[in-house]
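Listing of run-v1.csv, CSV, C-alpha atoms
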chain,number,residue,atom,x,y,z
A,1370,MET,CA,11.4,-1.7,26.6
A,1371,SER,CA,9.8,-2.1,23.2
A,1372,LYS,CA,11.9,-1.5,20.1
A,1373,TYR,CA,10.8,0.5,17.2
A,1374,ILE,CA,12.4,1.5,13.9
A,1375,SER,CA,13.0,5.1,12.8
A,1376,SER,CA,10.8,6.5,10.0
A,1377,ALA,CA,13.9,7.0,7.9
A,1378,THR,CA,14.7,3.2,8.1
A,1379,PHE,CA,11.1,2.2,7.4
A,1380,PHE,CA,10.8,4.3,4.3
A,1381,ARG,CA,14.2,3.5,3.0
A,1382,ASN,CA,13.4,-0.2,3.1
A,1383,PHE,CA,9.8,0.3,1.7
A,1384,LYS,CA,9.6,-0.9,-1.9
A,1385,PRO,CA,6.6,-1.9,-4.0
A,1386,PRO,CA,6.6,-5.5,-5.3
A,1387,GLU,CA,8.4,-6.0,-8.6
A,1388,PHE,CA,5.2,-6.7,-10.6
A,1389,MET,CA,3.7,-3.3,-9.5
A,1390,ARG,CA,6.9,-1.4,-10.5
A,1391,ASN,CA,6.7,-3.0,-14.0
A,1392,MET,CA,3.0,-2.6,-14.7
A,1393,PRO,CA,2.5,-1.2,-18.2
A,1394,ASN,CA,-0.4,1.0,-17.4
A,1395,ALA,CA,1.2,3.1,-14.6
A,1396,THR,CA,-0.1,6.6,-14.3
A,1397,ASN,CA,1.6,9.6,-15.9
A,1398,TRP,CA,2.6,11.6,-12.8
A,1399,SER,CA,3.2,11.4,-9.1
A,1400,PRO,CA,2.4,14.0,-6.4
A,1401,ALA,CA,6.1,14.6,-5.8
A,1402,GLU,CA,6.4,15.6,-9.5
A,1403,MET,CA,3.3,17.7,-9.8
A,1404,SER,CA,4.1,20.6,-12.0
A,1405,GLN,CA,3.2,24.2,-11.5
A,1406,ILE,CA,0.3,23.9,-13.9
A,1407,ASP,CA,-1.2,21.0,-11.8
A,1408,GLN,CA,-1.1,23.2,-8.7
A,1409,GLN,CA,-2.5,26.2,-10.7
A,1410,LEU,CA,-5.4,24.1,-11.9
A,1411,ALA,CA,-6.2,22.6,-8.5
A,1412,LYS,CA,-6.1,26.0,-6.9
A,1413,ALA,CA,-8.3,27.7,-9.5
A,1414,LEU,CA,-10.8,24.9,-9.9
A,1415,PRO,CA,-13.3,25.9,-7.1
A,1416,ASN,CA,-13.7,29.4,-8.6
A,1417,LEU,CA,-13.9,28.5,-12.3
A,1418,PRO,CA,-17.2,28.8,-14.2
A,1419,LYS,CA,-18.9,25.5,-15.0
A,1420,LYS,CA,-17.5,24.9,-18.5
A,1421,LEU,CA,-14.0,26.0,-17.5
A,1422,GLY,CA,-14.2,23.8,-14.5
A,1423,LYS,CA,-15.1,20.8,-16.6
A,1424,ALA,CA,-12.1,21.5,-18.8
A,1425,ALA,CA,-9.8,21.9,-15.8
A,1426,ARG,CA,-10.9,18.6,-14.3
A,1427,TYR,CA,-10.2,16.9,-17.6
A,1428,ALA,CA,-6.7,18.4,-17.7
A,1429,LEU,CA,-5.9,17.3,-14.2
A,1430,ASP,CA,-7.2,13.8,-14.7
A,1431,HIS,CA,-5.8,13.3,-18.3
A,1432,PRO,CA,-2.5,15.2,-18.6
A,1433,ASP,CA,-1.3,12.9,-21.3
A,1434,ARG,CA,-4.2,13.9,-23.6
A,1435,ILE,CA,-3.6,17.6,-23.1
A,1436,ALA,CA,0.1,17.0,-24.0
A,1437,PHE,CA,-0.5,15.0,-27.1
A,1438,ASP,CA,-3.9,15.6,-28.5
A,1439,SER,CA,-5.1,18.7,-30.4
A,1440,MET,CA,-7.2,21.4,-28.7
A,1441,ARG,CA,-10.2,20.3,-30.8
A,1442,THR,CA,-9.8,16.7,-29.8
A,1443,VAL,CA,-9.4,17.6,-26.1
A,1444,ALA,CA,-12.5,19.9,-26.2
A,1445,THR,CA,-14.6,17.1,-27.8
A,1446,ALA,CA,-13.4,14.6,-25.1
A,1447,CYS,CA,-14.4,16.8,-22.2
A,1448,ASP,CA,-17.6,18.0,-24.0
A,1449,VAL,CA,-16.8,21.7,-24.3
A,1450,ALA,CA,-16.2,24.0,-27.3
A,1451,SER,CA,-12.7,24.5,-28.5
A,1452,PRO,CA,-12.6,28.2,-27.4
A,1453,THR,CA,-13.2,27.0,-23.9
A,1454,MET,CA,-9.8,25.4,-23.8
A,1455,LEU,CA,-8.2,28.7,-24.9
A,1456,ARG,CA,-10.2,30.5,-22.2
A,1457,LEU,CA,-8.9,28.0,-19.6
A,1458,ALA,CA,-5.4,28.7,-20.7
A,1459,ARG,CA,-5.8,32.4,-20.4
A,1460,ALA,CA,-7.6,32.1,-17.1
A,1461,LEU,CA,-4.4,30.6,-15.8
A,1462,ASP,CA,-2.3,33.5,-17.3
A,1463,TYR,CA,-1.0,31.6,-20.4
A,1464,GLU,CA,-0.9,33.7,-23.5
A,1465,SER,CA,-2.0,30.9,-25.7
A,1466,TYR,CA,-3.3,27.3,-25.6
A,1467,GLU,CA,0.1,26.1,-27.0
A,1468,ALA,CA,1.9,27.7,-24.0
A,1469,PHE,CA,-0.6,25.9,-21.7
A,1470,ARG,CA,-0.1,22.6,-23.6
A,1471,SER,CA,3.7,22.9,-23.5
A,1472,GLU,CA,3.6,22.7,-19.7
A,1473,PHE,CA,2.1,19.2,-20.0
A,1474,GLN,CA,4.5,18.1,-22.8
A,1475,GLN,CA,7.5,19.2,-20.7
A,1476,ARG,CA,6.4,16.8,-18.0
A,1477,PHE,CA,6.8,13.8,-20.3
A,1478,VAL,CA,10.1,15.1,-21.6
A,1479,ASN,CA,11.4,15.3,-18.1
A,1480,GLN,CA,10.1,11.9,-17.0
A,1481,GLY,CA,10.9,10.0,-20.1
A,1482,PHE,CA,7.9,8.8,-22.0
A,1483,GLY,CA,8.6,5.1,-22.3
A,1484,ASN,CA,5.7,3.0,-21.3
A,1485,ARG,CA,3.6,6.1,-20.5
A,1486,ALA,CA,3.0,6.7,-24.2
A,1487,ASP,CA,-0.4,5.1,-24.1
A,1488,ALA,CA,-3.3,7.0,-22.7
A,1489,LEU,CA,-4.3,6.2,-19.1
A,1490,GLN,CA,-7.1,3.6,-19.6
A,1491,SER,CA,-10.5,5.0,-18.7
A,1492,GLY,CA,-12.0,1.6,-18.4
A,1493,VAL,CA,-11.3,-2.1,-18.3
A,1494,GLY,CA,-12.0,-5.0,-20.6
A,1495,SER,CA,-8.8,-4.9,-22.6
A,1496,SER,CA,-8.2,-8.6,-21.9
A,1497,GLN,CA,-8.9,-10.8,-24.8
A,1498,ASP,CA,-10.8,-13.4,-22.8
A,1499,ASP,CA,-14.4,-12.9,-21.7
A,1500,HIS,CA,-14.1,-13.9,-18.1
A,1501,PHE,CA,-15.6,-11.2,-16.0
A,1502,SER,CA,-13.6,-12.4,-13.0
A,1503,ASN,CA,-10.3,-11.8,-14.9
A,1504,ASP,CA,-11.4,-8.3,-15.8
A,1505,ILE,CA,-12.1,-7.5,-12.1
A,1506,ALA,CA,-8.7,-8.9,-11.1
A,1507,GLN,CA,-6.9,-7.0,-13.8
A,1508,ALA,CA,-8.6,-3.7,-12.9
A,1509,ALA,CA,-7.7,-4.2,-9.2
A,1510,THR,CA,-4.1,-4.9,-10.2
A,1511,ARG,CA,-3.9,-1.8,-12.3
A,1512,ASN,CA,-5.4,0.3,-9.5
A,1513,ILE,CA,-2.9,-1.0,-7.0
A,1514,ALA,CA,0.0,-0.4,-9.5
A,1515,GLN,CA,-1.2,3.2,-10.0
A,1516,THR,CA,-1.6,3.7,-6.2
A,1517,MET,CA,2.0,2.6,-5.7
A,1518,LYS,CA,3.2,4.8,-8.6
A,1519,LEU,CA,1.4,7.8,-7.0
A,1520,LEU,CA,2.5,7.0,-3.5
A,1521,ASP,CA,4.1,10.1,-1.9
A,1522,ILE,CA,6.4,8.5,0.8
A,1523,ALA,CA,7.1,11.9,2.4
A,1524,ALA,CA,3.4,12.4,2.9
A,1525,VAL,CA,3.0,8.9,4.4
A,1526,GLU,CA,5.9,9.7,6.8
A,1527,GLU,CA,4.2,13.1,7.7
A,1528,PHE,CA,0.9,11.3,8.3
A,1529,ALA,CA,2.6,8.9,10.7
A,1530,ARG,CA,4.3,11.8,12.5
A,1531,CYS,CA,1.1,13.8,12.8
A,1532,VAL,CA,-0.9,10.8,14.2
A,1533,GLN,CA,1.8,10.2,16.8
A,1534,ASN,CA,1.9,13.8,17.9
A,1535,SER,CA,-1.8,14.6,17.7
A,1536,ASN,CA,-4.3,14.6,20.5
A,1537,ARG,CA,-6.9,13.0,18.3
A,1538,THR,CA,-6.9,11.6,14.7
A,1539,PHE,CA,-10.4,11.8,13.1
A,1540,ILE,CA,-11.0,9.3,10.2
A,1541,LEU,CA,-13.9,10.7,8.1
A,1542,GLY,CA,-15.9,9.2,5.4
A,1543,SER,CA,-19.6,9.1,4.6
A,1544,GLY,CA,-21.8,6.8,2.5
A,1545,SER,CA,-19.8,3.7,1.4
A,1546,MET,CA,-16.6,5.3,2.9
A,1547,HIS,CA,-18.1,5.3,6.4
A,1548,TRP,CA,-17.5,1.6,6.9
A,1549,MET,CA,-14.0,2.0,5.4
A,1550,ALA,CA,-13.3,4.7,8.1
A,1551,ALA,CA,-14.6,2.3,10.7
A,1552,LEU,CA,-12.4,-0.5,9.4
A,1553,MET,CA,-9.3,1.8,9.8
A,1554,GLU,CA,-10.4,2.8,13.3
A,1555,SER,CA,-11.0,-0.7,14.5
A,1556,THR,CA,-7.8,-2.2,13.1
A,1557,GLY,CA,-5.7,0.8,14.1
A,1558,GLN,CA,-7.0,1.4,17.7
A,1559,MET,CA,-5.2,-1.7,19.0
A,1560,ALA,CA,-1.9,0.0,18.2
A,1561,ILE,CA,-2.6,3.7,17.9
A,1562,PRO,CA,-4.4,5.7,20.6
A,1563,GLY,CA,-6.7,8.6,19.7
A,1564,LEU,CA,-8.2,7.2,16.4
A,1565,ARG,CA,-11.8,8.3,16.0
A,1566,THR,CA,-14.5,8.1,13.4
A,1567,ASP,CA,-18.1,9.2,13.2
A,1568,HIS,CA,-20.5,7.0,15.3
A,1569,SER,CA,-23.0,9.7,15.8
A,1570,GLY,CA,-25.9,8.4,13.7
A,1571,SER,CA,-28.1,11.5,13.0
A,1572,ALA,CA,-25.5,14.2,13.8
A,1573,THR,CA,-23.7,15.7,10.8
A,1574,MET,CA,-20.0,15.0,10.3
A,1575,VAL,CA,-19.1,18.6,11.1
A,1576,GLU,CA,-21.0,18.3,14.4
A,1577,THR,CA,-19.0,15.2,15.2
A,1578,ILE,CA,-15.7,17.1,14.7
A,1579,ALA,CA,-16.9,20.4,16.1
A,1580,SER,CA,-14.1,20.6,18.6
A,1581,ILE,CA,-11.3,19.7,16.1
A,1582,ALA,CA,-8.3,21.9,16.6
A,1583,GLU,CA,-4.8,22.7,15.6
A,1584,GLN,CA,-3.5,19.8,17.8
A,1585,ASP,CA,-5.6,17.3,15.9
A,1586,THR,CA,-5.3,15.4,12.6
A,1587,ALA,CA,-8.0,14.4,10.1
A,1588,LEU,CA,-7.9,11.8,7.3
A,1589,VAL,CA,-10.9,12.5,5.0
A,1590,MET,CA,-11.9,9.9,2.4
A,1591,ALA,CA,-14.2,10.5,-0.6
A,1592,PHE,CA,-14.4,9.1,-4.2
A,1593,ALA,CA,-16.5,10.2,-7.2
A,1594,PRO,CA,-19.3,10.9,-6.8
A,1595,TYR,CA,-18.0,12.9,-3.9
A,1596,ALA,CA,-20.1,13.1,-0.7
A,1597,ARG,CA,-20.9,16.7,0.1
A,1598,GLU,CA,-20.8,16.0,3.8
A,1599,THR,CA,-17.2,14.8,3.6
A,1600,VAL,CA,-16.0,17.8,1.6
A,1601,VAL,CA,-17.7,20.2,4.0
A,1602,ALA,CA,-16.0,18.4,7.0
A,1603,ALA,CA,-12.6,18.7,5.2
A,1604,ALA,CA,-13.1,22.4,4.7
A,1605,TYR,CA,-14.1,22.8,8.4
A,1606,ALA,CA,-11.1,20.9,9.7
A,1607,SER,CA,-8.8,22.9,7.5
A,1608,LYS,CA,-10.4,26.2,8.7
A,1609,ARG,CA,-9.8,25.0,12.3
A,1610,LYS,CA,-6.1,24.6,11.4
A,1611,ALA,CA,-6.1,20.8,12.0
A,1612,LYS,CA,-3.6,18.8,9.8
A,1613,VAL,CA,-5.8,17.5,7.0
A,1614,PHE,CA,-4.9,14.4,4.8
A,1615,ALA,CA,-7.1,13.3,2.0
A,1616,LEU,CA,-7.5,9.8,0.5
A,1617,THR,CA,-9.3,10.2,-2.9
A,1618,ASP,CA,-9.3,9.0,-6.5
A,1619,LYS,CA,-8.3,12.0,-8.7
A,1620,ALA,CA,-6.4,15.2,-8.8
A,1621,SER,CA,-9.7,17.0,-9.6
A,1622,SER,CA,-11.3,15.8,-6.3
A,1623,PRO,CA,-12.8,18.6,-4.3
A,1624,LEU,CA,-10.9,17.3,-1.2
A,1625,VAL,CA,-7.6,18.4,-2.7
A,1626,GLU,CA,-8.4,22.0,-2.1
A,1627,HIS,CA,-8.7,21.5,1.7
A,1628,ALA,CA,-5.9,19.0,2.3
A,1629,ASP,CA,-2.3,19.5,3.4
A,1630,HIS,CA,-1.3,16.2,1.8
A,1631,VAL,CA,-3.2,13.9,-0.7
A,1632,PHE,CA,-3.1,10.2,-1.2
A,1633,PHE,CA,-4.5,8.9,-4.5
A,1634,ALA,CA,-6.2,5.5,-4.8
A,1635,PRO,CA,-7.7,4.9,-8.3
A,1636,THR,CA,-11.1,3.1,-8.3
A,1637,THR,CA,-11.6,1.9,-11.9
A,1638,SER,CA,-13.5,-1.3,-12.2
A,1639,PRO,CA,-16.0,-3.2,-14.5
A,1640,HIS,CA,-18.0,-3.7,-11.3
A,1641,TYR,CA,-21.0,-1.4,-11.1
A,1642,TYR,CA,-19.5,0.4,-8.1
A,1643,PRO,CA,-16.0,1.9,-7.7
A,1644,SER,CA,-13.3,-0.6,-6.6
A,1645,VAL,CA,-12.1,-0.2,-3.0
A,1646,VAL,CA,-9.1,-2.5,-3.4
A,1647,SER,CA,-6.5,0.3,-3.7
A,1648,THR,CA,-8.2,2.2,-0.9
A,1649,ILE,CA,-7.6,-0.7,1.5
A,1650,VAL,CA,-4.0,-0.9,0.3
A,1651,MET,CA,-3.5,2.8,1.2
A,1652,ILE,CA,-5.2,2.3,4.6
A,1653,GLU,CA,-2.9,-0.6,5.4
A,1654,ILE,CA,0.2,1.4,4.3
A,1655,LEU,CA,-0.8,4.4,6.5
A,1656,LEU,CA,-1.5,2.2,9.5
A,1657,SER,CA,1.7,0.1,9.0
A,1658,ALA,CA,3.8,3.2,8.6
A,1659,THR,CA,2.4,4.7,11.8
A,1660,VAL,CA,2.9,1.6,13.8
A,1661,ALA,CA,6.4,0.8,12.4
A,1662,THR,CA,7.7,4.3,13.3
A,1663,SER,CA,6.2,4.3,16.9
A,1664,ASN,CA,6.5,2.4,20.1
A,1665,ALA,CA,3.2,0.5,19.8
A,1666,ILE,CA,4.3,-3.1,20.4
A,1667,GLU,CA,3.3,-3.1,24.1
A,1668,ARG,CA,-0.1,-1.6,23.3
A,1669,ILE,CA,-0.7,-4.3,20.6
A,1670,LYS,CA,0.3,-7.1,23.0
A,1671,LEU,CA,-1.9,-5.7,25.8
A,1672,THR,CA,-4.9,-5.6,23.4
A,1673,GLU,CA,-4.3,-9.1,22.3
A,1674,ASN,CA,-4.1,-10.4,25.9
A,1675,ILE,CA,-7.3,-8.6,26.9
A,1676,ARG,CA,-9.1,-10.2,23.9
A,1677,ASN,CA,-7.7,-13.6,24.6
A,1678,GLN,CA,-8.6,-13.5,28.3
A,1679,SER,CA,-12.1,-12.2,27.6
A,1680,GLY,CA,-12.9,-15.1,25.2
A,1681,ALA,CA,-13.2,-12.8,22.2
A,1682,TYR,CA,-11.4,-15.3,20.0
A,1683,LEU,CA,-12.2,-19.0,19.6
In structure tokens, what does this structure look like?
Amino acid sequence: MSKYISSATFFRNFKPPEFMRNMPNATNWSPAEMSQIDQQLAKALPNLPKKLGKAARYALDHPDRIAFDSMRTVATACDVASPTMLRLARALDYESYEAFRSEFQQRFVNQGFGNRADALQSGVGSSQDDHFSNDIAQAATRNIAQTMKLLDIAAVEEFARCVQNSNRTFILGSGSMHWMAALMESTGQMAIPGLRTDHSGSATMVETIASIAEQDTALVMAFAPYARETVVAAAYASKRKAKVFALTDKASSPLVEHADHVFFAPTTSPHYYPSVVSTIVMIEILLSATVATSNAIERIKLTENIRNQSGAYL
């Protein structure tokens, strides 16, 4: 009989590498520490007017700037008029912008500011040398460090539990995320039954998951600029009462509204396209956690034997 470890043992022993824990540009908050104002902003965002929505997204993505910059500076940064920031505060039932701002300041007081004093870098190129390859590597390292800082272990554990107990697990991504979903399916199927992604060709993603139900799980993946099809599919899966997990880049992502749990994977890069390095890290974490907390060894061995006997490998 195959042996498997309990989820409690897996997550108790799971620790990010030392270099990641000590990265100087770690992000300013983690999902487990999301304050009431974060939740208010995320909930209100879909219904806010355009200007207020722009200000709300900036507040979600740059909490340090709200905490420590003036209202005028913040308004300039997100390209709105100063009164718009006050209107945002009042839309969230704060009497003044200072009351709104104090919510963000309190977060840093509670966490200890330390190496979080610097603003979250919005780009790369801080290295003194001019080697583009170094900039790429440094950006990838920062993204991985932020991913580990943002990692919600309880949500990973819940994902593993849901996959094990679900009839089907749909992995959904369109555009450049489609091949990422296919990668997760192909590497995960040898250990985890029921993984599915969209192979339909011309059918819409919603048509592909038309039968999704409460007994199913969906992992939806989208990064800015967000594919409309993926967001619509996430909303549909949520409406059908499936368990929805999102893998995305920012707290202001439209996927957040429809997800039960969110995994964040920053994509900053000097490359002309968003980096997928931290996305792959999260996929490997989710698959590893699911396999480590399940009885999948025999299934993996069987798959390997079939592939070896069929001549699939040289």
Spatial neighbours of stretch 1432-1447 of chain A, 6 Å, all atoms listed in the file, chain gap at least 6 places, as a list in words: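 Selected residues are Arg1470, Phe1473 and Gln1474 of chain A.
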Best match for closeness to A:Arg1537 among A:Ile1578, A:Ala1604, A:Val1660, A:Ala1634, counting only C-alpha atoms: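 Of A:Ile1578, A:Ala1604, A:Val1660, A:Ala1634, the one nearest A:Arg1537 is A:Ile1578, counting only C-alpha atoms.
Closest approach to A:Gly1557 among A:Leu1683, A:Ala1428, A:Ala1658, A:Ala1591 is made by A:Ala1658 (distances from all atoms listed in the file).
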For atom CA of A:Ala1411 and atom CA of A:Tyr1595, the interatomic separation in Å (one decimal):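 Atom CA of A:Tyr1595 lies at a distance of 16.0 Å from atom CA of A:Ala1411.
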Atom-to-atom span, atom CA of A:Ala1593 and atom CA of A:Lys1612, Å: 23.0 Å
All residues 8 Å or closer to A:Ala1529, only C-alpha atoms, same chain fewer than 4 positions away omitted, as number ranges by chain: A: 1525, 1533, 1655-1656, 1658-1660, 1662
Pairwise distance for atom CA of A:Leu1417 and atom CA of A:Lys1619, rounded to one decimal in Å: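 Atom CA of A:Lys1619 lies at a distance of 17.8 Å from atom CA of A:Leu1417.
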Contacts of A:Ala1524 within 12 Å, all atoms listed in the file, excl. fewer than 5 positions in-chain, as a PyMOL selection string: chain A and resi 1376+1380+1400-1401+1519+1529-1531+1612-1616+1628-1633+1651+1654-1655+1658-1659
